[in-house]
>>> print(open('coords03.cif').read())   # mmCIF, C-alpha atoms (C1' of nucleotides)
data_start
loop_
_atom_site.label_atom_id
_atom_site.label_comp_id
_atom_site.auth_asym_id
_atom_site.auth_seq_id
_atom_site.Cartn_x
_atom_site.Cartn_y
_atom_site.Cartn_z
CA MET Z 73 34.38 -2.25 15.98
CA ASP Z 74 30.76 -2.72 15.10
CA GLN Z 75 31.20 -5.31 12.39
CA PHE Z 76 33.07 -7.50 14.86
CA ASP Z 77 30.46 -7.18 17.59
CA THR Z 78 28.88 -10.60 17.16
CA LEU Z 79 26.05 -9.63 19.47
CA LYS Z 80 24.92 -6.71 17.35
CA LEU Z 81 21.44 -7.31 15.96
CA SER Z 82 22.50 -6.37 12.42
CA ASN Z 83 25.25 -8.99 12.52
CA GLN Z 84 22.80 -11.80 13.23
CA LEU Z 85 21.64 -14.27 10.62
CA CYS Z 86 18.90 -15.77 12.77
CA PHE Z 87 17.19 -12.50 13.50
CA PRO Z 88 16.16 -11.64 9.90
CA LEU Z 89 15.10 -15.26 9.52
CA TYR Z 90 12.90 -14.98 12.58
CA VAL Z 91 11.44 -11.66 11.46
CA VAL Z 92 10.85 -12.60 7.82
CA ALA Z 93 9.11 -15.84 8.80
CA LYS Z 94 6.88 -13.94 11.19
CA GLU Z 95 6.09 -11.14 8.74
CA ILE Z 96 5.34 -13.52 5.91
CA VAL Z 97 2.86 -15.40 8.06
CA ARG Z 98 1.27 -12.04 8.78
CA LYS Z 99 1.07 -11.31 5.02
CA TYR Z 100 -0.84 -14.53 4.55
CA LYS Z 101 -3.51 -13.48 7.01
CA PRO Z 102 -5.93 -11.53 4.76
CA TYR Z 103 -5.90 -14.37 2.21
CA LEU Z 104 -6.26 -17.10 4.82
CA ASP Z 105 -9.03 -15.22 6.62
CA LYS Z 106 -11.20 -15.84 3.57
CA LEU Z 107 -10.74 -19.59 4.09
CA ASP Z 108 -11.20 -19.28 7.85
CA LEU Z 109 -7.71 -20.74 8.35
CA THR Z 110 -4.66 -19.65 10.29
CA TYR Z 111 -1.22 -20.25 8.75
CA THR Z 112 -0.58 -23.37 10.83
CA GLN Z 113 -4.02 -24.70 9.96
CA TYR Z 114 -3.25 -23.94 6.29
CA ILE Z 115 -0.05 -26.00 6.16
CA THR Z 116 -1.85 -28.77 8.04
CA MET Z 117 -4.53 -28.78 5.33
CA MET Z 118 -1.73 -28.86 2.73
CA VAL Z 119 -0.39 -32.18 3.97
CA LEU Z 120 -3.95 -33.50 4.12
CA TRP Z 121 -4.63 -32.35 0.57
CA GLU Z 122 -1.61 -34.46 -0.44
CA ASP Z 123 -2.42 -37.47 1.71
CA LYS Z 124 -6.08 -37.66 2.60
CA SER Z 125 -5.48 -39.65 5.75
CA LEU Z 126 -2.63 -39.35 8.28
CA ASN Z 127 -2.12 -39.79 11.99
CA VAL Z 128 -1.00 -36.99 14.30
CA LYS Z 129 2.56 -38.29 14.48
CA GLU Z 130 2.98 -38.24 10.70
CA ILE Z 131 1.50 -34.78 10.36
CA GLY Z 132 3.85 -33.62 13.11
CA LYS Z 133 6.88 -35.12 11.38
CA ARG Z 134 6.13 -33.30 8.14
CA LEU Z 135 5.34 -29.97 9.77
CA TYR Z 136 7.90 -30.11 12.59
CA LEU Z 137 5.15 -29.78 15.18
CA ASP Z 138 4.28 -31.89 18.21
CA SER Z 139 0.97 -33.09 19.63
CA GLY Z 140 0.88 -30.18 22.05
CA THR Z 141 0.43 -27.88 19.07
CA LEU Z 142 -1.48 -30.24 16.81
CA THR Z 143 -4.10 -31.62 19.18
CA PRO Z 144 -5.97 -28.34 19.74
CA LEU Z 145 -5.38 -27.27 16.13
CA LEU Z 146 -6.86 -30.48 14.72
CA LYS Z 147 -9.83 -30.16 17.06
CA GLN Z 148 -10.42 -26.72 15.60
CA LEU Z 149 -10.22 -28.05 12.03
CA GLU Z 150 -12.65 -30.81 13.02
CA TYR Z 151 -14.99 -28.23 14.55
CA LYS Z 152 -14.85 -26.26 11.29
CA GLY Z 153 -15.74 -29.42 9.39
CA TYR Z 154 -12.52 -29.69 7.38
CA VAL Z 155 -11.25 -32.95 8.94
CA THR Z 156 -12.45 -35.92 10.94
CA ARG Z 157 -10.57 -37.41 13.92
CA VAL Z 158 -11.00 -41.15 14.53
CA ARG Z 159 -8.91 -43.65 16.49
CA ASN Z 160 -7.29 -46.43 14.51
CA LYS Z 161 -9.18 -49.66 15.24
CA GLN Z 162 -5.98 -51.73 14.80
CA ASP Z 163 -3.97 -49.53 17.18
CA GLU Z 164 -6.02 -47.27 19.38
CA ARG Z 165 -2.98 -45.14 20.21
CA ASN Z 166 -3.12 -43.66 16.72
CA LEU Z 167 -5.56 -40.93 15.86
CA ILE Z 168 -6.40 -40.91 12.18
CA VAL Z 169 -7.03 -37.49 10.72
CA GLU Z 170 -8.92 -37.46 7.47
CA VAL Z 171 -9.85 -34.57 5.22
CA THR Z 172 -13.59 -34.15 4.58
CA ASN Z 173 -15.28 -33.15 1.31
CA LYS Z 174 -15.65 -29.65 2.70
CA GLY Z 175 -11.93 -29.73 3.47
CA LEU Z 176 -11.11 -30.86 -0.06
CA LYS Z 177 -13.19 -28.06 -1.55
CA LEU Z 178 -11.05 -25.59 0.36
CA LYS Z 179 -8.13 -26.46 -1.90
CA ASP Z 180 -9.88 -24.89 -4.88
CA LYS Z 181 -10.42 -21.69 -2.95
CA ALA Z 182 -6.75 -21.74 -1.91
CA GLN Z 183 -5.35 -22.01 -5.44
CA THR Z 184 -4.77 -18.27 -5.86
CA ILE Z 185 -2.92 -17.85 -2.57
CA PRO Z 186 0.57 -19.00 -3.66
CA ILE Z 187 0.38 -16.72 -6.70
CA GLN Z 188 -0.67 -13.71 -4.67
CA MET Z 189 1.99 -14.37 -2.06
CA ALA Z 190 4.70 -14.79 -4.71
CA LYS Z 191 3.64 -11.44 -6.14
CA CYS Z 192 4.00 -9.77 -2.78
CA LEU Z 193 7.41 -11.35 -2.08
CA ASN Z 194 8.59 -10.33 -5.54
CA LEU Z 195 11.76 -12.40 -5.76
CA ASP Z 196 12.94 -13.53 -9.20
CA GLN Z 197 13.17 -17.21 -10.11
CA GLN Z 198 16.88 -17.45 -9.36
CA GLU Z 199 16.63 -15.76 -5.99
CA SER Z 200 13.69 -17.92 -4.95
CA LEU Z 201 15.46 -21.12 -5.90
CA ASN Z 202 18.57 -19.92 -4.13
CA LEU Z 203 16.73 -19.13 -0.94
CA TYR Z 204 14.84 -22.40 -1.16
CA LYS Z 205 18.06 -24.40 -1.41
CA LEU Z 206 19.76 -22.52 1.40
CA LEU Z 207 16.79 -23.04 3.70
CA TYR Z 208 16.61 -26.77 3.06
CA LYS Z 209 20.36 -27.01 3.52
CA LEU Z 210 19.98 -25.31 6.88
CA LEU Z 211 17.04 -27.49 7.82
CA ASP Z 212 19.16 -30.51 7.03
CA LYS Z 213 21.92 -29.34 9.37
CA LEU Z 214 19.38 -28.54 12.07
CA ASN Z 215 17.99 -32.06 11.94
CA ASP Z 216 21.10 -33.68 13.44
CA MET Y 68 1.90 -32.79 -12.23
CA ASP Y 69 3.43 -32.47 -8.81
CA GLN Y 70 5.91 -29.72 -9.61
CA PHE Y 71 3.04 -27.58 -10.85
CA ASP Y 72 0.88 -28.17 -7.80
CA THR Y 73 1.48 -24.82 -6.14
CA LEU Y 74 -0.24 -26.04 -2.98
CA LYS Y 75 2.18 -28.90 -2.41
CA LEU Y 76 4.18 -28.36 0.76
CA SER Y 77 7.49 -29.07 -0.98
CA ASN Y 78 6.77 -26.33 -3.52
CA GLN Y 79 6.41 -23.68 -0.83
CA LEU Y 80 9.09 -21.12 -0.05
CA CYS Y 81 7.43 -19.86 3.11
CA PHE Y 82 7.17 -23.24 4.75
CA PRO Y 83 10.92 -23.95 5.05
CA LEU Y 84 11.35 -20.37 6.20
CA TYR Y 85 8.78 -20.89 8.91
CA VAL Y 86 10.29 -24.22 9.98
CA VAL Y 87 13.93 -23.10 9.91
CA ALA Y 88 13.17 -19.99 11.97
CA LYS Y 89 11.31 -22.13 14.49
CA GLU Y 90 13.98 -24.81 14.69
CA ILE Y 91 16.80 -22.31 15.01
CA VAL Y 92 15.08 -20.66 17.95
CA ARG Y 93 14.82 -24.14 19.47
CA LYS Y 94 18.57 -24.68 18.92
CA TYR Y 95 19.26 -21.51 20.87
CA LYS Y 96 17.39 -22.82 23.89
CA PRO Y 97 20.14 -24.75 25.73
CA TYR Y 98 22.51 -21.78 25.38
CA LEU Y 99 19.92 -19.21 26.38
CA ASP Y 100 18.73 -21.29 29.31
CA LYS Y 101 22.11 -20.62 30.92
CA LEU Y 102 21.36 -16.89 30.77
CA ASP Y 103 17.76 -17.40 31.89
CA LEU Y 104 16.55 -15.82 28.64
CA THR Y 105 14.11 -16.87 25.94
CA TYR Y 106 14.96 -16.04 22.31
CA THR Y 107 12.67 -13.02 22.25
CA GLN Y 108 14.10 -11.79 25.52
CA TYR Y 109 17.58 -12.33 24.05
CA ILE Y 110 17.03 -10.14 21.00
CA THR Y 111 15.41 -7.55 23.25
CA MET Y 112 18.57 -7.51 25.37
CA MET Y 113 20.58 -7.17 22.15
CA VAL Y 114 18.97 -3.86 21.24
CA LEU Y 115 19.45 -2.71 24.83
CA TRP Y 116 23.12 -3.70 24.78
CA GLU Y 117 23.45 -1.43 21.74
CA ASP Y 118 21.38 1.44 23.10
CA LYS Y 119 21.18 1.42 26.85
CA SER Y 120 17.88 3.27 26.96
CA LEU Y 121 14.88 2.97 24.63
CA ASN Y 122 11.12 3.24 24.85
CA VAL Y 123 8.77 0.38 24.01
CA LYS Y 124 7.86 1.82 20.63
CA GLU Y 125 11.50 1.99 19.51
CA ILE Y 126 12.25 -1.53 20.73
CA GLY Y 127 9.17 -2.71 18.87
CA LYS Y 128 10.22 -1.00 15.65
CA ARG Y 129 13.63 -2.68 15.67
CA LEU Y 130 12.31 -6.13 16.59
CA TYR Y 131 9.06 -6.00 14.61
CA LEU Y 132 7.05 -6.58 17.77
CA ASP Y 133 4.14 -4.68 19.30
CA SER Y 134 3.32 -3.69 22.86
CA GLY Y 135 1.09 -6.73 23.22
CA THR Y 136 4.19 -8.89 23.02
CA LEU Y 137 6.67 -6.51 24.59
CA THR Y 138 4.77 -5.35 27.67
CA PRO Y 139 4.71 -8.74 29.42
CA LEU Y 140 8.19 -9.60 28.12
CA LEU Y 141 9.71 -6.39 29.49
CA LYS Y 142 7.99 -6.96 32.81
CA GLN Y 143 9.70 -10.36 32.93
CA LEU Y 144 13.09 -8.82 32.15
CA GLU Y 145 12.46 -6.25 34.87
CA TYR Y 146 11.51 -9.00 37.30
CA LYS Y 147 14.77 -10.80 36.47
CA GLY Y 148 16.67 -7.59 37.16
CA TYR Y 149 18.01 -7.06 33.63
CA VAL Y 150 16.10 -3.85 32.85
CA THR Y 151 14.25 -1.02 34.55
CA ARG Y 152 10.92 0.39 33.35
CA VAL Y 153 10.22 4.05 34.09
CA ARG Y 154 7.80 6.53 32.53
CA ASN Y 155 9.32 9.50 30.71
CA LYS Y 156 8.83 12.58 32.89
CA GLN Y 157 8.59 14.82 29.79
CA ASP Y 158 5.97 12.63 28.14
CA GLU Y 159 4.28 10.15 30.43
CA ARG Y 160 2.98 8.14 27.47
CA ASN Y 161 6.48 6.81 26.90
CA LEU Y 162 7.92 4.03 29.00
CA ILE Y 163 11.69 4.16 29.13
CA VAL Y 164 13.36 0.78 29.29
CA GLU Y 165 16.93 0.84 30.53
CA VAL Y 166 19.44 -1.97 30.88
CA THR Y 167 20.79 -2.51 34.41
CA ASN Y 168 24.36 -3.43 35.41
CA LYS Y 169 23.21 -7.00 35.84
CA GLY Y 170 21.75 -6.81 32.33
CA LEU Y 171 25.01 -5.45 30.93
CA LYS Y 172 26.99 -8.27 32.55
CA LEU Y 173 24.81 -10.73 30.67
CA LYS Y 174 26.44 -9.60 27.43
CA ASP Y 175 29.77 -11.08 28.52
CA LYS Y 176 28.13 -14.41 29.25
CA ALA Y 177 26.40 -14.25 25.83
CA GLN Y 178 29.60 -13.72 23.83
CA THR Y 179 30.05 -17.41 22.99
CA ILE Y 180 26.50 -17.93 21.75
CA PRO Y 181 26.87 -16.57 18.19
CA ILE Y 182 30.00 -18.69 17.69
CA GLN Y 183 28.33 -21.84 18.94
CA MET Y 184 25.22 -21.21 16.86
CA ALA Y 185 27.31 -20.54 13.73
CA LYS Y 186 29.07 -23.86 14.32
CA CYS Y 187 25.75 -25.68 14.52
CA LEU Y 188 24.35 -23.99 11.40
CA ASN Y 189 27.58 -24.78 9.55
CA LEU Y 190 27.11 -22.57 6.49
CA ASP Y 191 30.20 -21.21 4.77
CA GLN Y 192 30.91 -17.48 4.54
CA GLN Y 193 29.47 -17.12 1.05
CA GLU Y 194 26.26 -18.98 1.83
CA SER Y 195 25.72 -17.01 5.03
CA LEU Y 196 26.19 -13.70 3.29
CA ASN Y 197 23.92 -14.85 0.49
CA LEU Y 198 21.16 -15.88 2.85
CA TYR Y 199 21.59 -12.69 4.85
CA LYS Y 200 21.15 -10.56 1.75
CA LEU Y 201 18.15 -12.50 0.49
CA LEU Y 202 16.42 -12.21 3.86
CA TYR Y 203 16.93 -8.47 4.11
CA LYS Y 204 15.78 -8.10 0.53
CA LEU Y 205 12.61 -9.98 1.45
CA LEU Y 206 12.15 -7.98 4.61
CA ASP Y 207 12.41 -4.85 2.53
CA LYS Y 208 9.62 -6.02 0.21
CA LEU Y 209 7.48 -7.05 3.16
CA ASN Y 210 7.72 -3.61 4.67
CA ASP Y 211 5.56 -1.98 2.04
"C1'" DT S 274 -9.37 27.53 25.57
"C1'" DC S 275 -11.36 23.41 25.03
"C1'" DT S 276 -12.93 19.87 22.20
"C1'" DT S 277 -11.03 16.55 18.94
"C1'" DA S 278 -7.44 13.85 17.20
"C1'" DT S 279 -3.35 11.44 17.86
"C1'" DT S 280 -0.10 8.70 20.20
"C1'" DA S 281 2.07 5.11 23.44
"C1'" DA S 282 1.31 1.33 26.44
"C1'" DA S 283 -1.45 -1.79 28.36
"C1'" DT S 284 -5.13 -5.04 28.11
"C1'" DT S 285 -8.10 -8.72 26.16
"C1'" DG S 286 -8.83 -12.64 23.47
"C1'" DT S 287 -7.29 -16.20 20.34
"C1'" DA S 288 -3.84 -19.20 18.42
"C1'" DT S 289 0.42 -20.98 18.30
"C1'" DA S 290 4.87 -23.45 20.10
"C1'" DC S 291 7.18 -26.53 23.02
"C1'" DA S 292 9.02 -28.80 27.31
"C1'" DA S 293 7.50 -31.92 30.55
"C1'" DT S 294 4.21 -34.93 32.30
"C1'" DT S 295 0.27 -38.01 32.07
"C1'" DT S 296 -2.74 -41.46 30.14
"C1'" DA S 297 -3.80 -45.33 27.60
"C1'" DA S 298 -2.57 -48.82 24.34
"C1'" DT S 299 0.72 -51.96 22.54
"C1'" DT S 300 5.07 -54.40 22.40
"C1'" DT S 301 9.04 -56.76 24.51
"C1'" DG S 302 11.38 -59.95 26.87
"C1'" DA S 303 12.44 -62.54 31.03
"C1'" DT J 240 2.27 -64.86 30.63
"C1'" DC J 241 2.81 -60.72 32.60
"C1'" DA J 242 5.64 -56.96 34.36
"C1'" DA J 243 8.51 -53.44 32.18
"C1'" DA J 244 9.41 -50.68 28.32
"C1'" DT J 245 7.80 -48.20 24.50
"C1'" DT J 246 4.76 -45.47 21.87
"C1'" DA J 247 1.01 -41.97 20.50
"C1'" DA J 248 -1.96 -38.40 22.03
"C1'" DA J 249 -3.46 -35.52 25.26
"C1'" DT J 250 -2.68 -32.38 28.99
"C1'" DT J 251 -0.35 -28.75 31.71
"C1'" DG J 252 2.27 -24.73 32.12
"C1'" DT J 253 4.92 -20.95 30.24
"C1'" DA J 254 6.01 -17.72 26.64
"C1'" DT J 255 5.23 -15.72 22.49
"C1'" DA J 256 2.54 -13.16 18.65
"C1'" DC J 257 -0.88 -10.17 17.06
"C1'" DA J 258 -5.54 -8.05 16.15
"C1'" DA J 259 -8.54 -5.17 18.41
"C1'" DT J 260 -9.79 -2.39 22.14
"C1'" DT J 261 -8.97 0.54 26.11
"C1'" DT J 262 -6.64 3.95 28.89
"C1'" DA J 263 -4.12 7.89 29.64
"C1'" DA J 264 -1.35 11.60 28.04
"C1'" DT J 265 -0.24 15.00 24.70
"C1'" DA J 266 -0.91 17.68 20.49
"C1'" DA J 267 -3.75 20.24 17.17
"C1'" DG J 268 -6.90 23.36 15.68
"C1'" DA J 269 -11.30 25.83 15.50
#
>>> encode(input="coords03.cif", output="structure tokens")
Amino acid sequence: MDQFDTLKLSNQLCFPLYVVAKEIVRKYKPYLDKLDLTYTQYITMMVLWEDKSLNVKEIGKRLYLDSGTLTPLLKQLEYKGYVTRVRNKQDERNLIVEVTNKGLKLKDKAQTIPIQMAKCLNLDQQESLNLYKLLYKLLDKLND
Amino acid sequence: MDQFDTLKLSNQLCFPLYVVAKEIVRKYKPYLDKLDLTYTQYITMMVLWEDKSLNVKEIGKRLYLDSGTLTPLLKQLEYKGYVTRVRNKQDERNLIVEVTNKGLKLKDKAQTIPIQMAKCLNLDQQESLNLYKLLYKLLDKLND
DNA sequence: TCTTATTAAATTGTATACAATTTAATTTGA
DNA sequence: TCAAATTAAATTGTATACAATTTAATAAGA
């Protein structure tokens, strides 16, 4: 019977997760285009808006990304003038990424984005909180 | 105040979604490696296990993928011997993708994957159903 | 009919992702 | 002290994703 076919697409939990994540990133695009940022660049700027200066390893730990993804991305952000990339004098293995003034100004322009996205997702407070908790619970299990 | 900073990473709903989707796909890897499939190839095989024969457009509609992603992916699956790719004689614009016997046999080998993944996600029935419903609700809103 | 519009795949170009390896710097420990 | 181990980024290679364009086939309509 269909509902017992564990390999049916509609019986998967991971598939809607995969699709929703992908489609949401796509929804961001028109808003992020105005800031000349991709989604991954946007969340990278987010951690740098919180902590002005971080090395690649720390950024990667917060975003669940490795240097293979971050190195070219950070070079792009540097090229756009939003961050600087300088080796740590005390330990040359570390690359210190720092947000520039231009990068800080971007945050003001980004303020409306979460509101507009929330509008388009259109979940009520309870549902959002519920989803949020379930996702972090999952993330916790995935970490070990 | 932090909880009102809508641009803080920990106040985002999309970020954990993006990370969890990514990390789950990574969890699949060791299991899918045994079938010589990537995650995207796996869900493509899923729709072809359900309907033995589909064109690219239909596969794309079910998986939320376009021909730019599917064309090279389907060529890979053809190269591996899991599908055939033949133009529709009635309408040459359509490419008919059909699962082969070798591709059908893969389904048997895949049977244990959903069980093993469920074990690693470790959500109870209620939580899973809850998440499932929230994701499809979101997907519904994203579609318009 | 025959030009125009539409449609389905494929192609092109850019940006992720990540495994695996390499490079360079630093730390450890015999 | 100095070879071996560890660490942080960068690099390499493969596979998505998707916007935008192109190609080829079919449909529509004047």
>>> residues_around(input="coords03.cif", residues="Arg129 in chain Y", least_positions_apart="6", cutoff="10 Å", atoms="only C-alpha atoms (C1' of nucleotides)", output="PyMOL selection string")
(chain Z and resi 81) or (chain Y and resi 110-111+114)
>>> write_last_selection(input="coords03.cif", atoms="C-alpha atoms", output="PDB file, in the coordinates of the input")
ATOM      1  CA  LEU Z  81      21.440  -7.310  15.960  1.00  0.00           C
TER       2      LEU Z  81
ATOM      3  CA  ILE Y 110      17.030 -10.140  21.000  1.00  0.00           C
ATOM      4  CA  THR Y 111      15.410  -7.550  23.250  1.00  0.00           C
ATOM      5  CA  VAL Y 114      18.970  -3.860  21.240  1.00  0.00           C
TER       6      VAL Y 114
END
>>> atom_distance(input="coords03.cif", atom1="CA of Val97 in chain Z", atom2="CA of Glu170 in chain Z")
25.0 Å
>>> closest_atom_pairs(input="coords03.cif", of="chain Y", to="chain Z", cutoff="7 Å", atoms="all atoms listed in the file", output="CSV")
residue,atom,partner,partner_atom,distance
Y:Thr73,CA,Z:Pro186,CA,6.4
Y:Leu74,CA,Z:Met118,CA,6.5
Y:Lys75,CA,Z:Met118,CA,6.5
Y:Leu76,CA,Z:Met118,CA,6.2
Y:Leu80,CA,Z:Tyr204,CA,6.0
Y:Pro83,CA,Z:Leu207,CA,6.1
Y:Leu84,CA,Z:Ala93,CA,5.7
Y:Tyr85,CA,Z:Ala93,CA,5.1
Y:Val86,CA,Z:Tyr136,CA,6.9
Y:Val87,CA,Z:Leu211,CA,5.8
Y:Ala88,CA,Z:Tyr90,CA,5.1
Y:Met113,CA,Z:Leu81,CA,6.3
Y:Val114,CA,Z:Leu81,CA,6.8
Y:Tyr131,CA,Z:Val91,CA,6.9
Y:Gln178,CA,Z:Leu79,CA,7.0
Y:Pro181,CA,Z:Thr78,CA,6.4
Y:Leu188,CA,Z:Lys213,CA,6.2
Y:Leu198,CA,Z:Leu203,CA,6.7
Y:Tyr199,CA,Z:Leu85,CA,6.0
Y:Leu201,CA,Z:Leu203,CA,6.9
Y:Leu202,CA,Z:Pro88,CA,6.1
Y:Tyr203,CA,Z:Pro88,CA,6.6
Y:Leu205,CA,Z:Leu193,CA,6.4
Y:Leu206,CA,Z:Val92,CA,5.8
Y:Lys208,CA,Z:Leu193,CA,6.2
Y:Leu209,CA,Z:Leu193,CA,6.8
>>> atom_distance(input="coords03.cif", atom1="C1' of DG302 in chain S", atom2="C1' of DT246 in chain J")
16.7 Å
>>> resolve_selection(input="coords03.cif", expression="the PyMOL selection byres ((chain J) within 9 of (chain Z))", output="ChimeraX atom specification")
/J:246-250,256-257
>>> write_last_selection(input="coords03.cif", atoms="C-alpha atoms (C1' of nucleotides)", output="PDB file, in the coordinates of the input")
ATOM      1  C1'  DT J 246       4.760 -45.470  21.870  1.00  0.00           C
ATOM      2  C1'  DA J 247       1.010 -41.970  20.500  1.00  0.00           C
ATOM      3  C1'  DA J 248      -1.960 -38.400  22.030  1.00  0.00           C
ATOM      4  C1'  DA J 249      -3.460 -35.520  25.260  1.00  0.00           C
ATOM      5  C1'  DT J 250      -2.680 -32.380  28.990  1.00  0.00           C
ATOM      6  C1'  DA J 256       2.540 -13.160  18.650  1.00  0.00           C
ATOM      7  C1'  DC J 257      -0.880 -10.170  17.060  1.00  0.00           C
TER       8       DC J 257
END
>>> closest_residue(input="coords03.cif", among="S:DA290, S:DA303, S:DC275, S:DA281", to="chain Y", atoms="only C-alpha atoms (C1' of nucleotides)")
S:DA281
>>> atom_distance(input="coords03.cif", atom1="CA of Lys142 in chain Y", atom2="CA of Asp100 in chain Y")
18.2 Å
>>> resolve_selection(input="coords03.cif", expression="the PyMOL selection byres ((chain S and resi 284) around 8)", output="PyMOL selection string")
(chain S and resi 283+285) or (chain J and resi 261)
>>> residues_around(input="coords03.cif", residues="Ser125 in chain Z", least_positions_apart="3", cutoff="7 Å", atoms="all atoms listed in the file", output="list in words")
Leu120, Ile168, Val169, Glu170 and Val171 of chain Z
>>> interface_residues(input="coords03.cif", of="chain S", to="chain Z", cutoff="8 Å", atoms="all atoms listed in the file", output="MDAnalysis selection string")
chainID S and resid 289:291 297:299
>>> build_atoms(input="coords03.cif", residues="range 105-116 of chain Y", atoms="N, CA and C atoms", output="short mmCIF file (atom, residue, chain, number, x, y, z; two decimals), keeping the file's coordinate frame")
data_model
loop_
_atom_site.label_atom_id
_atom_site.label_comp_id
_atom_site.auth_asym_id
_atom_site.auth_seq_id
_atom_site.Cartn_x
_atom_site.Cartn_y
_atom_site.Cartn_z
N THR Y 105 14.71 -16.26 27.11
CA THR Y 105 14.11 -16.87 25.94
C THR Y 105 14.71 -16.18 24.71
N TYR Y 106 14.40 -16.68 23.51
CA TYR Y 106 14.96 -16.04 22.31
C TYR Y 106 14.47 -14.59 22.17
N THR Y 107 13.20 -14.38 22.39
CA THR Y 107 12.67 -13.02 22.25
C THR Y 107 13.27 -12.08 23.29
N GLN Y 108 13.45 -12.60 24.48
CA GLN Y 108 14.10 -11.79 25.52
C GLN Y 108 15.56 -11.50 25.13
N TYR Y 109 16.18 -12.47 24.48
CA TYR Y 109 17.58 -12.33 24.05
C TYR Y 109 17.75 -11.21 23.02
N ILE Y 110 16.90 -11.19 22.00
CA ILE Y 110 17.03 -10.14 21.00
C ILE Y 110 16.63 -8.77 21.58
N THR Y 111 15.75 -8.80 22.57
CA THR Y 111 15.41 -7.55 23.25
C THR Y 111 16.63 -7.02 24.01
N MET Y 112 17.34 -7.91 24.68
CA MET Y 112 18.57 -7.51 25.37
C MET Y 112 19.60 -7.01 24.37
N MET Y 113 19.64 -7.61 23.18
CA MET Y 113 20.58 -7.17 22.15
C MET Y 113 20.42 -5.70 21.81
N VAL Y 114 19.16 -5.28 21.59
CA VAL Y 114 18.97 -3.86 21.24
C VAL Y 114 19.31 -2.98 22.44
N LEU Y 115 19.13 -3.50 23.64
CA LEU Y 115 19.45 -2.71 24.83
C LEU Y 115 20.94 -2.74 25.16
N TRP Y 116 21.66 -3.72 24.65
CA TRP Y 116 23.12 -3.70 24.78
C TRP Y 116 23.69 -2.65 23.83
#
